[in-house]
Amino acid sequence: MNKKTFLVTGAAGFIGSHLAKRLIKEDHRVIGVDNINDYYNPKLKKDRIKHLGNDKFTFIKTDLENQDTINNVFDEYQPEIVVNLAAQAGVRYSLENPHAYINSNVVGFINILEACRHHNVEHLIYASSSSVYGANTSKPFSTSDNIDHPLSLYAATKKSNELMAHTYSHLYDLPTTGLRFFTVYGPWGRPDMALFLFTKAIINDEAIDVFNHGNMMRDFTYIDDIIESITRLTKRPAQPNPDWSGVNPDPGSSYAPYKVYNIGNNNPVKLMDFIEAIENKLGKKAEKNYLPLQAGDVPETYANVEDLYRDIEFQPQTSIQDGINNFIDWYLEYYGVIL
């Protein structure tokens, strides 16, 4: 692939920083945008950016909602490929602060779409979420499934992103690829996610909260597998589906250059097995506080990734124990913890 200029929004985030590192390694120029908000400790975000230090990386601190600044970034750097990973994350926080999700995930996304439209961007890749499947109970979740029943505002904003992207693919022939991520974990991960919370609590001899009384399953996906998928997809702009029909419309593709993929492991793990893998690595048992299912949460996620394998010939490679071991090794080093 020719060397490109990439714009990566959410570059100080978990997935964004890993992607920027990979693109830099492949000798691309990377423009990173992030607002370094305080949804979780900004120090971790700043350290991720420091970890990227490279003359091929330029960092700009701004909000996606700041339309003038976003337009200026596009004007100055003329990105050829845009990967929009910036978003207000978290299902549970959307119950407390809904406006943050509309501002970042909807207003911010329209600013990205408009900038892509006016700057002849070759390909827009953007983060959606497995949360869009909502009340859907057919397993595994397929991009051909209906997703009209979200269970949180976060999920609703992600579905809106897919709808907005399709509109721009239709109106302006902008190739857009949506990525429905399934519970991403690994080194430099988010402190509000289960792996981080459980590891910290177990190390500190504190009880962990186990929701739905432990009867949860998640399609945990290791960060390196996520990044490999995204990197391959950057080289494959969405194409119109010649078999698409308005009589029986496939939600995951279109007559326009629009595609949505599940980015998952295709192998759900029981929450209790996930906890056991953490205990195995740390060499100590967790004290468990069993609680009911939280509002907005779903009991199980399970990704059908057949089209991902078909289109980029990639299937996730990392076992849950190996992935957890890698995370805990990073955690112990980053926080200077000695077991």
# chains A, B, ... in the order shown; residues from 1 in each chain; ligands from 1
call {"tool": "residues_around", "arguments": {"residues": "Gly189 of chain A", "least_positions_apart": "3", "cutoff": "7 Å", "atoms": "only C-alpha atoms", "output": "JSON list (two decimals) with N, CA, C and O atoms, in the first residue's frame"}}
result
[["chain", "number", "residue", "atom", "x", "y", "z"],
["A", 14, "PHE", "N", -7.95, 4.00, 23.76],
["A", 14, "PHE", "CA", -7.40, 2.64, 23.78],
["A", 14, "PHE", "C", -7.15, 2.12, 22.36],
["A", 14, "PHE", "O", -6.00, 1.83, 21.98],
["A", 185, "TYR", "N", -10.21, -5.68, 24.66],
["A", 185, "TYR", "CA", -9.40, -5.68, 25.88],
["A", 185, "TYR", "C", -7.93, -5.84, 25.51],
["A", 185, "TYR", "O", -7.60, -6.26, 24.39],
["A", 186, "GLY", "N", -7.06, -5.50, 26.44],
["A", 186, "GLY", "CA", -5.62, -5.66, 26.21],
["A", 186, "GLY", "C", -4.83, -4.54, 26.86],
["A", 186, "GLY", "O", -5.40, -3.65, 27.54]]
call {"tool": "residues_around", "arguments": {"residues": "Leu124 of chain A", "least_positions_apart": "2", "cutoff": "6 Å", "atoms": "only C-alpha atoms", "output": "PyMOL selection string"}}
result
chain A and resi 82-83+176
call {"tool": "residues_around", "arguments": {"residues": "Ala156 of chain A", "least_positions_apart": "6", "cutoff": "12 Å", "atoms": "only C-alpha atoms", "output": "ChimeraX atom specification"}}
result
/A:91,94,98,101-102,105-106,128-134,147-150,162-163,296
call {"tool": "residues_around", "arguments": {"residues": "Leu179 of chain A", "least_positions_apart": "6", "cutoff": "12 Å", "atoms": "only C-alpha atoms", "output": "number ranges by chain"}}
result
A: 15, 83-85, 124-132, 143, 158-159, 161-162, 165, 226-227, 229-230, 233-234, 238, 252, 258-264, 303, 305, 308
call {"tool": "residues_around", "arguments": {"residues": "Phe211 of chain A", "least_positions_apart": "4", "cutoff": "10 Å", "atoms": "only C-alpha atoms", "output": "list of chain:residue names"}}
result
A:Asn215, A:Met216, A:Leu271, A:Lys288, A:Asn289, A:Tyr290, A:Leu291, A:Pro292, A:Leu293, A:Gln294, A:Asp297, A:Pro299
call {"tool": "write_last_selection", "arguments": {"atoms": "C-alpha atoms", "output": "mmCIF file, in the first residue's frame"}}
result
data_model
loop_
_atom_site.group_PDB
_atom_site.id
_atom_site.type_symbol
_atom_site.label_atom_id
_atom_site.label_comp_id
_atom_site.auth_asym_id
_atom_site.auth_seq_id
_atom_site.Cartn_x
_atom_site.Cartn_y
_atom_site.Cartn_z
ATOM 1 C CA ASN A 215 -24.619 -15.267 34.001
ATOM 2 C CA MET A 216 -23.009 -13.086 31.341
ATOM 3 C CA LEU A 271 -17.906 -14.052 32.619
ATOM 4 C CA LYS A 288 -17.234 -11.657 44.362
ATOM 5 C CA ASN A 289 -20.223 -9.386 44.938
ATOM 6 C CA TYR A 290 -23.072 -10.832 42.856
ATOM 7 C CA LEU A 291 -25.546 -8.270 41.510
ATOM 8 C CA PRO A 292 -28.521 -8.171 39.074
ATOM 9 C CA LEU A 293 -28.186 -7.176 35.408
ATOM 10 C CA GLN A 294 -27.587 -3.451 35.015
ATOM 11 C CA ASP A 297 -26.669 -4.061 29.541
ATOM 12 C CA PRO A 299 -26.582 -10.722 28.951
#
call {"tool": "residues_around", "arguments": {"residues": "Leu23 of chain A", "least_positions_apart": "6", "cutoff": "10 Å", "atoms": "only C-alpha atoms", "output": "number ranges by chain"}}
result
A: 3-6, 8, 17, 29-30, 56-57, 227, 231
call {"tool": "residues_around", "arguments": {"residues": "Ala115 of chain A", "least_positions_apart": "3", "cutoff": "10 Å", "atoms": "only C-alpha atoms", "output": "list in words"}}
result
Gln67, Ile70, Asn71, Asn72, Val73, Phe74, Asp75, Phe109, Ile110, Asn111, Ile112, His118, His119, Asn120 and Val121 of chain A
call {"tool": "write_last_selection", "arguments": {"atoms": "all heavy atoms", "output": "CSV table (one decimal), in the first residue's frame"}}
result
chain,number,residue,atom,x,y,z
A,67,GLN,N,-16.5,22.5,15.0
A,67,GLN,CA,-16.5,22.3,13.5
A,67,GLN,C,-15.4,23.1,12.8
A,67,GLN,O,-14.8,22.6,11.9
A,67,GLN,CB,-17.9,22.8,13.0
A,67,GLN,CG,-18.1,22.6,11.5
A,67,GLN,CD,-19.4,23.0,11.0
A,67,GLN,OE1,-20.3,23.5,11.8
A,67,GLN,NE2,-19.7,22.9,9.7
A,70,ILE,N,-12.1,21.3,13.3
A,70,ILE,CA,-12.0,20.0,12.5
A,70,ILE,C,-11.8,20.4,11.0
A,70,ILE,O,-11.0,19.8,10.3
A,70,ILE,CB,-13.3,19.2,12.7
A,70,ILE,CG1,-13.4,18.7,14.1
A,70,ILE,CG2,-13.4,18.1,11.7
A,70,ILE,CD1,-12.3,17.8,14.5
A,71,ASN,N,-12.5,21.4,10.5
A,71,ASN,CA,-12.3,21.8,9.1
A,71,ASN,C,-10.9,22.3,8.9
A,71,ASN,O,-10.3,22.0,7.8
A,71,ASN,CB,-13.3,22.9,8.8
A,71,ASN,CG,-14.7,22.4,8.6
A,71,ASN,OD1,-14.9,21.2,8.4
A,71,ASN,ND2,-15.7,23.2,8.7
A,72,ASN,N,-10.3,23.0,9.9
A,72,ASN,CA,-8.9,23.5,9.7
A,72,ASN,C,-8.0,22.3,9.7
A,72,ASN,O,-7.0,22.4,8.9
A,72,ASN,CB,-8.6,24.4,10.9
A,72,ASN,CG,-9.3,25.7,10.8
A,72,ASN,OD1,-9.8,26.1,9.7
A,72,ASN,ND2,-9.4,26.4,11.9
A,73,VAL,N,-8.2,21.3,10.5
A,73,VAL,CA,-7.3,20.1,10.4
A,73,VAL,C,-7.4,19.4,9.1
A,73,VAL,O,-6.3,19.1,8.5
A,73,VAL,CB,-7.8,19.1,11.5
A,73,VAL,CG1,-7.1,17.7,11.3
A,73,VAL,CG2,-7.5,19.6,12.9
A,74,PHE,N,-8.6,19.3,8.5
A,74,PHE,CA,-8.7,18.7,7.1
A,74,PHE,C,-8.0,19.6,6.1
A,74,PHE,O,-7.3,19.1,5.2
A,74,PHE,CB,-10.1,18.5,6.8
A,74,PHE,CG,-10.7,17.2,7.3
A,74,PHE,CD1,-11.1,17.0,8.7
A,74,PHE,CD2,-10.9,16.1,6.5
A,74,PHE,CE1,-11.6,15.9,9.1
A,74,PHE,CE2,-11.4,14.9,6.9
A,74,PHE,CZ,-11.8,14.8,8.3
A,75,ASP,N,-8.2,20.9,6.3
A,75,ASP,CA,-7.6,21.9,5.3
A,75,ASP,C,-6.1,21.8,5.3
A,75,ASP,O,-5.4,21.8,4.3
A,75,ASP,CB,-8.0,23.3,5.6
A,75,ASP,CG,-9.4,23.6,5.2
A,75,ASP,OD1,-10.0,22.9,4.4
A,75,ASP,OD2,-10.0,24.6,5.8
A,109,PHE,N,-19.8,13.5,14.9
A,109,PHE,CA,-19.8,12.7,13.7
A,109,PHE,C,-20.2,13.4,12.4
A,109,PHE,O,-19.6,13.2,11.3
A,109,PHE,CB,-20.6,11.4,13.9
A,109,PHE,CG,-20.3,10.3,12.9
A,109,PHE,CD1,-19.0,9.8,12.6
A,109,PHE,CD2,-21.4,9.8,12.1
A,109,PHE,CE1,-18.8,8.9,11.7
A,109,PHE,CE2,-21.1,8.8,11.1
A,109,PHE,CZ,-19.8,8.4,10.9
A,110,ILE,N,-21.2,14.2,12.5
A,110,ILE,CA,-21.7,15.0,11.3
A,110,ILE,C,-20.5,15.9,10.9
A,110,ILE,O,-20.3,16.1,9.7
A,110,ILE,CB,-23.0,15.7,11.5
A,110,ILE,CG1,-23.6,16.2,10.2
A,110,ILE,CG2,-22.8,16.9,12.5
A,110,ILE,CD1,-23.9,15.1,9.2
A,111,ASN,N,-19.8,16.5,11.8
A,111,ASN,CA,-18.7,17.3,11.5
A,111,ASN,C,-17.6,16.5,10.7
A,111,ASN,O,-17.0,17.0,9.7
A,111,ASN,CB,-18.0,18.0,12.7
A,111,ASN,CG,-18.9,19.0,13.3
A,111,ASN,OD1,-19.8,19.5,12.6
A,111,ASN,ND2,-18.7,19.4,14.6
A,112,ILE,N,-17.4,15.3,11.1
A,112,ILE,CA,-16.4,14.4,10.4
A,112,ILE,C,-16.9,14.1,9.0
A,112,ILE,O,-16.2,14.1,8.0
A,112,ILE,CB,-16.1,13.1,11.2
A,112,ILE,CG1,-15.4,13.4,12.5
A,112,ILE,CG2,-15.4,12.1,10.4
A,112,ILE,CD1,-13.9,14.0,12.2
A,118,HIS,N,-16.2,17.3,1.9
A,118,HIS,CA,-15.6,18.5,1.2
A,118,HIS,C,-14.1,18.4,1.0
A,118,HIS,O,-13.6,19.2,0.3
A,118,HIS,CB,-15.9,19.7,2.1
A,118,HIS,CG,-17.4,20.1,2.1
A,118,HIS,ND1,-18.0,20.6,0.9
A,118,HIS,CD2,-18.3,20.1,3.1
A,118,HIS,CE1,-19.3,20.8,1.2
A,118,HIS,NE2,-19.5,20.5,2.5
A,119,HIS,N,-13.5,17.3,1.4
A,119,HIS,CA,-12.0,17.2,1.2
A,119,HIS,C,-11.7,15.9,0.5
A,119,HIS,O,-10.5,15.4,0.5
A,119,HIS,CB,-11.3,17.2,2.6
A,119,HIS,CG,-11.4,18.6,3.2
A,119,HIS,ND1,-12.5,19.0,4.0
A,119,HIS,CD2,-10.5,19.6,3.2
A,119,HIS,CE1,-12.3,20.2,4.4
A,119,HIS,NE2,-11.1,20.6,4.0
A,120,ASN,N,-12.6,15.3,-0.2
A,120,ASN,CA,-12.4,14.2,-1.1
A,120,ASN,C,-11.6,13.1,-0.4
A,120,ASN,O,-10.7,12.5,-1.0
A,120,ASN,CB,-11.6,14.7,-2.3
A,120,ASN,CG,-12.4,15.7,-3.2
A,120,ASN,OD1,-13.6,15.4,-3.4
A,120,ASN,ND2,-11.8,16.8,-3.5
A,121,VAL,N,-12.1,12.7,0.8
A,121,VAL,CA,-11.5,11.6,1.5
A,121,VAL,C,-11.8,10.3,0.8
A,121,VAL,O,-12.9,10.1,0.3
A,121,VAL,CB,-12.0,11.6,3.0
A,121,VAL,CG1,-11.7,10.3,3.7
A,121,VAL,CG2,-11.4,12.8,3.8
call {"tool": "select_by_dssp", "arguments": {"residues": "segment 254-334 of chain A", "states": "strand (DSSP E or B)", "output": "MDAnalysis selection string"}}
result
chainID A and resid 258:263 269:270 288:290 300 303
call {"tool": "closest_residue", "arguments": {"among": "A:Leu197, A:Met164, A:Ile49, A:Leu153", "to": "His99 of chain A", "atoms": "only C-alpha atoms"}}
result
A:Leu153
call {"tool": "atom_distance", "arguments": {"atom1": "atom CA of Asp27 of chain A", "atom2": "atom CA of Val184 of chain A"}}
result
25.3 Å
call {"tool": "closest_residue", "arguments": {"among": "A:Arg218, A:His213, A:Arg236, A:Lys25", "to": "Val298 of chain A", "atoms": "only C-alpha atoms"}}
result
A:Arg218
call {"tool": "select_by_dssp", "arguments": {"residues": "segment 26-218 of chain A", "states": "alpha helix (DSSP H)", "output": "compact mmCIF listing (two decimals) with N, CA, C and O atoms, in the first residue's frame"}}
result
# COMPACT_ATOMS: atom_id res chain seq x y z
N PRO A 42 -7.15 11.29 32.69
CA PRO A 42 -6.47 11.79 31.49
C PRO A 42 -4.99 11.42 31.42
O PRO A 42 -4.41 11.41 30.34
N LYS A 43 -4.38 11.10 32.57
CA LYS A 43 -2.96 10.74 32.55
C LYS A 43 -2.71 9.53 31.66
O LYS A 43 -1.71 9.48 30.91
N LEU A 44 -3.60 8.55 31.72
CA LEU A 44 -3.44 7.36 30.89
C LEU A 44 -3.50 7.75 29.41
O LEU A 44 -2.72 7.25 28.59
N LYS A 45 -4.40 8.66 29.06
CA LYS A 45 -4.52 9.10 27.67
C LYS A 45 -3.25 9.83 27.22
O LYS A 45 -2.74 9.60 26.11
N LYS A 46 -2.76 10.70 28.09
CA LYS A 46 -1.54 11.44 27.76
C LYS A 46 -0.34 10.51 27.62
O LYS A 46 0.52 10.69 26.74
N ASP A 47 -0.30 9.48 28.46
CA ASP A 47 0.81 8.52 28.38
C ASP A 47 0.73 7.69 27.09
O ASP A 47 1.76 7.32 26.51
N ARG A 48 -0.48 7.40 26.64
CA ARG A 48 -0.62 6.69 25.36
C ARG A 48 -0.03 7.53 24.23
O ARG A 48 0.66 7.01 23.34
N ILE A 49 -0.31 8.84 24.26
CA ILE A 49 0.21 9.73 23.22
C ILE A 49 1.74 9.81 23.30
O ILE A 49 2.43 9.74 22.28
N LYS A 50 2.27 9.92 24.52
CA LYS A 50 3.73 9.94 24.68
C LYS A 50 4.36 8.68 24.11
O LYS A 50 5.44 8.71 23.52
N HIS A 51 3.67 7.58 24.29
CA HIS A 51 4.16 6.28 23.83
C HIS A 51 4.28 6.25 22.31
O HIS A 51 5.00 5.41 21.76
N GLN A 67 -16.50 22.49 14.98
CA GLN A 67 -16.53 22.34 13.53
C GLN A 67 -15.40 23.11 12.85
O GLN A 67 -14.75 22.61 11.91
N ASP A 68 -15.12 24.33 13.30
CA ASP A 68 -14.08 25.15 12.67
C ASP A 68 -12.71 24.48 12.79
O ASP A 68 -11.95 24.43 11.82
N THR A 69 -12.42 23.97 13.99
CA THR A 69 -11.12 23.33 14.19
C THR A 69 -10.99 22.07 13.34
O THR A 69 -9.94 21.83 12.73
N ILE A 70 -12.06 21.26 13.30
CA ILE A 70 -12.02 20.04 12.49
C ILE A 70 -11.80 20.39 11.02
O ILE A 70 -10.96 19.77 10.33
N ASN A 71 -12.49 21.40 10.52
CA ASN A 71 -12.30 21.81 9.13
C ASN A 71 -10.87 22.29 8.89
O ASN A 71 -10.27 22.02 7.84
N ASN A 72 -10.32 23.01 9.86
CA ASN A 72 -8.94 23.48 9.73
C ASN A 72 -7.95 22.33 9.66
O ASN A 72 -6.97 22.37 8.91
N VAL A 73 -8.21 21.28 10.46
CA VAL A 73 -7.34 20.10 10.45
C VAL A 73 -7.36 19.45 9.06
O VAL A 73 -6.32 19.10 8.49
N PHE A 74 -8.56 19.31 8.49
CA PHE A 74 -8.68 18.73 7.15
C PHE A 74 -8.01 19.63 6.10
O PHE A 74 -7.34 19.14 5.19
N ASP A 75 -8.20 20.93 6.25
CA ASP A 75 -7.58 21.87 5.30
C ASP A 75 -6.06 21.77 5.32
O ASP A 75 -5.42 21.75 4.27
N GLU A 76 -5.51 21.73 6.52
CA GLU A 76 -4.05 21.77 6.66
C GLU A 76 -3.38 20.45 6.28
O GLU A 76 -2.35 20.44 5.60
N TYR A 77 -3.98 19.33 6.69
CA TYR A 77 -3.29 18.05 6.54
C TYR A 77 -3.81 17.18 5.40
O TYR A 77 -3.14 16.20 5.02
N TYR A 93 -22.62 5.11 31.59
CA TYR A 93 -22.49 6.56 31.74
C TYR A 93 -23.55 7.29 30.91
O TYR A 93 -23.94 8.41 31.24
N SER A 94 -24.04 6.64 29.85
CA SER A 94 -25.06 7.29 29.01
C SER A 94 -26.38 7.46 29.76
O SER A 94 -27.23 8.25 29.37
N LEU A 95 -26.56 6.70 30.85
CA LEU A 95 -27.76 6.87 31.68
C LEU A 95 -27.65 8.13 32.54
O LEU A 95 -28.65 8.73 32.92
N GLU A 96 -26.40 8.53 32.83
CA GLU A 96 -26.16 9.67 33.72
C GLU A 96 -25.98 10.98 32.95
O GLU A 96 -26.37 12.04 33.43
N PRO A 98 -26.61 11.93 29.25
CA PRO A 98 -26.99 11.66 27.86
C PRO A 98 -26.51 12.72 26.87
O PRO A 98 -26.18 12.41 25.73
N HIS A 99 -26.46 13.98 27.31
CA HIS A 99 -26.08 15.04 26.37
C HIS A 99 -24.64 14.88 25.87
O HIS A 99 -24.34 15.28 24.73
N ALA A 100 -23.78 14.31 26.68
CA ALA A 100 -22.40 14.10 26.24
C ALA A 100 -22.34 13.19 25.02
O ALA A 100 -21.47 13.34 24.15
N TYR A 101 -23.28 12.26 24.95
CA TYR A 101 -23.30 11.30 23.84
C TYR A 101 -23.82 11.93 22.55
O TYR A 101 -23.32 11.65 21.47
N GLY A 108 -20.48 15.52 16.71
CA GLY A 108 -19.10 15.31 16.29
C GLY A 108 -18.99 14.52 15.01
O GLY A 108 -18.16 14.81 14.13
N PHE A 109 -19.85 13.52 14.87
CA PHE A 109 -19.77 12.65 13.68
C PHE A 109 -20.22 13.38 12.43
O PHE A 109 -19.64 13.18 11.35
N ILE A 110 -21.23 14.24 12.53
CA ILE A 110 -21.65 14.97 11.33
C ILE A 110 -20.54 15.92 10.88
O ILE A 110 -20.35 16.15 9.68
N ASN A 111 -19.79 16.46 11.83
CA ASN A 111 -18.65 17.31 11.45
C ASN A 111 -17.59 16.52 10.68
O ASN A 111 -17.01 17.03 9.72
N ILE A 112 -17.36 15.28 11.11
CA ILE A 112 -16.40 14.42 10.40
C ILE A 112 -16.93 14.09 9.01
O ILE A 112 -16.19 14.15 8.00
N LEU A 113 -18.19 13.73 8.91
CA LEU A 113 -18.78 13.40 7.61
C LEU A 113 -18.70 14.58 6.65
O LEU A 113 -18.33 14.42 5.48
N GLU A 114 -19.05 15.75 7.12
CA GLU A 114 -19.01 16.93 6.26
C GLU A 114 -17.58 17.25 5.81
O GLU A 114 -17.35 17.59 4.65
N ALA A 115 -16.64 17.11 6.74
CA ALA A 115 -15.24 17.37 6.37
C ALA A 115 -14.75 16.35 5.35
O ALA A 115 -14.04 16.70 4.39
N CYS A 116 -15.12 15.10 5.52
CA CYS A 116 -14.74 14.07 4.55
C CYS A 116 -15.33 14.38 3.18
O CYS A 116 -14.65 14.28 2.15
N ARG A 117 -16.59 14.79 3.17
CA ARG A 117 -17.27 15.11 1.92
C ARG A 117 -16.56 16.24 1.17
O ARG A 117 -16.37 16.17 -0.05
N HIS A 118 -16.17 17.27 1.88
CA HIS A 118 -15.62 18.46 1.23
C HIS A 118 -14.12 18.36 0.96
O HIS A 118 -13.55 19.24 0.32
N LEU A 153 -28.76 4.84 25.28
CA LEU A 153 -28.57 5.97 24.38
C LEU A 153 -27.23 5.82 23.64
O LEU A 153 -27.12 6.22 22.47
N TYR A 154 -26.23 5.28 24.31
CA TYR A 154 -24.95 5.02 23.65
C TYR A 154 -25.17 4.19 22.39
O TYR A 154 -24.70 4.52 21.30
N ALA A 155 -25.92 3.08 22.52
CA ALA A 155 -26.20 2.22 21.37
C ALA A 155 -26.99 2.98 20.31
O ALA A 155 -26.72 2.83 19.10
N ALA A 156 -27.92 3.81 20.73
CA ALA A 156 -28.72 4.58 19.76
C ALA A 156 -27.86 5.55 18.97
O ALA A 156 -28.05 5.73 17.77
N THR A 157 -26.88 6.16 19.64
CA THR A 157 -25.99 7.09 18.91
C THR A 157 -25.12 6.33 17.91
O THR A 157 -24.82 6.84 16.83
N LYS A 158 -24.73 5.11 18.26
CA LYS A 158 -23.92 4.32 17.34
C LYS A 158 -24.73 3.88 16.12
O LYS A 158 -24.23 3.87 14.99
N LYS A 159 -25.98 3.52 16.35
CA LYS A 159 -26.83 3.20 15.20
C LYS A 159 -27.02 4.45 14.33
O LYS A 159 -27.02 4.37 13.10
N SER A 160 -27.18 5.59 14.98
CA SER A 160 -27.35 6.83 14.20
C SER A 160 -26.12 7.09 13.34
O SER A 160 -26.24 7.58 12.21
N ASN A 161 -24.94 6.77 13.84
CA ASN A 161 -23.71 6.93 13.05
C ASN A 161 -23.77 6.10 11.77
O ASN A 161 -23.39 6.56 10.69
N GLU A 162 -24.26 4.87 11.90
CA GLU A 162 -24.36 4.00 10.73
C GLU A 162 -25.34 4.58 9.71
O GLU A 162 -25.09 4.56 8.50
N LEU A 163 -26.47 5.10 10.20
CA LEU A 163 -27.46 5.69 9.31
C LEU A 163 -26.92 6.95 8.63
O LEU A 163 -27.13 7.18 7.43
N MET A 164 -26.23 7.77 9.40
CA MET A 164 -25.64 9.00 8.84
C MET A 164 -24.58 8.66 7.80
O MET A 164 -24.52 9.29 6.73
N ALA A 165 -23.77 7.65 8.10
CA ALA A 165 -22.73 7.25 7.15
C ALA A 165 -23.35 6.78 5.84
O ALA A 165 -22.88 7.12 4.75
N HIS A 166 -24.42 5.98 5.96
CA HIS A 166 -25.07 5.51 4.73
C HIS A 166 -25.58 6.67 3.89
O HIS A 166 -25.46 6.66 2.65
N THR A 167 -26.14 7.66 4.53
CA THR A 167 -26.65 8.81 3.81
C THR A 167 -25.55 9.48 2.99
O THR A 167 -25.75 9.85 1.83
N TYR A 168 -24.36 9.62 3.59
CA TYR A 168 -23.24 10.26 2.89
C TYR A 168 -22.66 9.35 1.81
O TYR A 168 -22.20 9.84 0.77
N SER A 169 -22.70 8.05 2.04
CA SER A 169 -22.28 7.12 0.98
C SER A 169 -23.22 7.25 -0.22
O SER A 169 -22.78 7.23 -1.38
N HIS A 170 -24.52 7.37 0.06
CA HIS A 170 -25.52 7.50 -0.99
C HIS A 170 -25.44 8.84 -1.71
O HIS A 170 -25.39 8.91 -2.94
N LEU A 171 -25.40 9.92 -0.94
CA LEU A 171 -25.47 11.25 -1.54
C LEU A 171 -24.17 11.67 -2.22
O LEU A 171 -24.20 12.32 -3.28
N TYR A 172 -23.03 11.31 -1.61
CA TYR A 172 -21.76 11.87 -2.06
C TYR A 172 -20.75 10.82 -2.49
O TYR A 172 -19.58 11.14 -2.73
N ALA A 194 -14.25 -4.10 32.41
CA ALA A 194 -14.23 -5.16 33.43
C ALA A 194 -12.82 -5.66 33.73
O ALA A 194 -12.45 -5.84 34.90
N LEU A 195 -12.00 -5.90 32.71
CA LEU A 195 -10.67 -6.47 32.94
C LEU A 195 -9.83 -5.56 33.83
O LEU A 195 -9.17 -6.02 34.77
N PHE A 196 -9.88 -4.27 33.56
CA PHE A 196 -9.12 -3.28 34.35
C PHE A 196 -9.66 -3.25 35.78
O PHE A 196 -8.89 -3.32 36.76
N LEU A 197 -10.98 -3.15 35.91
CA LEU A 197 -11.61 -3.06 37.23
C LEU A 197 -11.34 -4.31 38.06
O LEU A 197 -11.01 -4.22 39.26
N PHE A 198 -11.48 -5.47 37.44
CA PHE A 198 -11.28 -6.73 38.16
C PHE A 198 -9.83 -6.89 38.59
O PHE A 198 -9.54 -7.28 39.73
N THR A 199 -8.91 -6.60 37.69
CA THR A 199 -7.48 -6.75 38.01
C THR A 199 -7.09 -5.86 39.18
O THR A 199 -6.45 -6.30 40.14
N LYS A 200 -7.51 -4.60 39.12
CA LYS A 200 -7.17 -3.65 40.18
C LYS A 200 -7.75 -4.10 41.52
O LYS A 200 -7.06 -4.08 42.55
N ALA A 201 -9.01 -4.53 41.50
CA ALA A 201 -9.67 -4.93 42.75
C ALA A 201 -9.03 -6.18 43.35
O ALA A 201 -8.78 -6.25 44.56
N ILE A 202 -8.76 -7.17 42.52
CA ILE A 202 -8.18 -8.42 43.03
C ILE A 202 -6.80 -8.17 43.62
O ILE A 202 -6.46 -8.69 44.69
N ILE A 203 -5.99 -7.35 42.94
CA ILE A 203 -4.66 -7.01 43.46
C ILE A 203 -4.77 -6.34 44.82
O ILE A 203 -3.98 -6.59 45.74
call {"tool": "closest_residue", "arguments": {"among": "A:Gly10, A:Pro237, A:Gly214, A:Pro187", "to": "Ile81 of chain A", "atoms": "only C-alpha atoms"}}
result
A:Pro237
call {"tool": "atom_distance", "arguments": {"atom1": "atom CA of Thr318 of chain A", "atom2": "atom CA of Tyr335 of chain A"}}
result
24.2 Å
call {"tool": "atom_distance", "arguments": {"atom1": "atom CA of Asn241 of chain A", "atom2": "atom CA of Ser253 of chain A"}}
result
6.4 Å
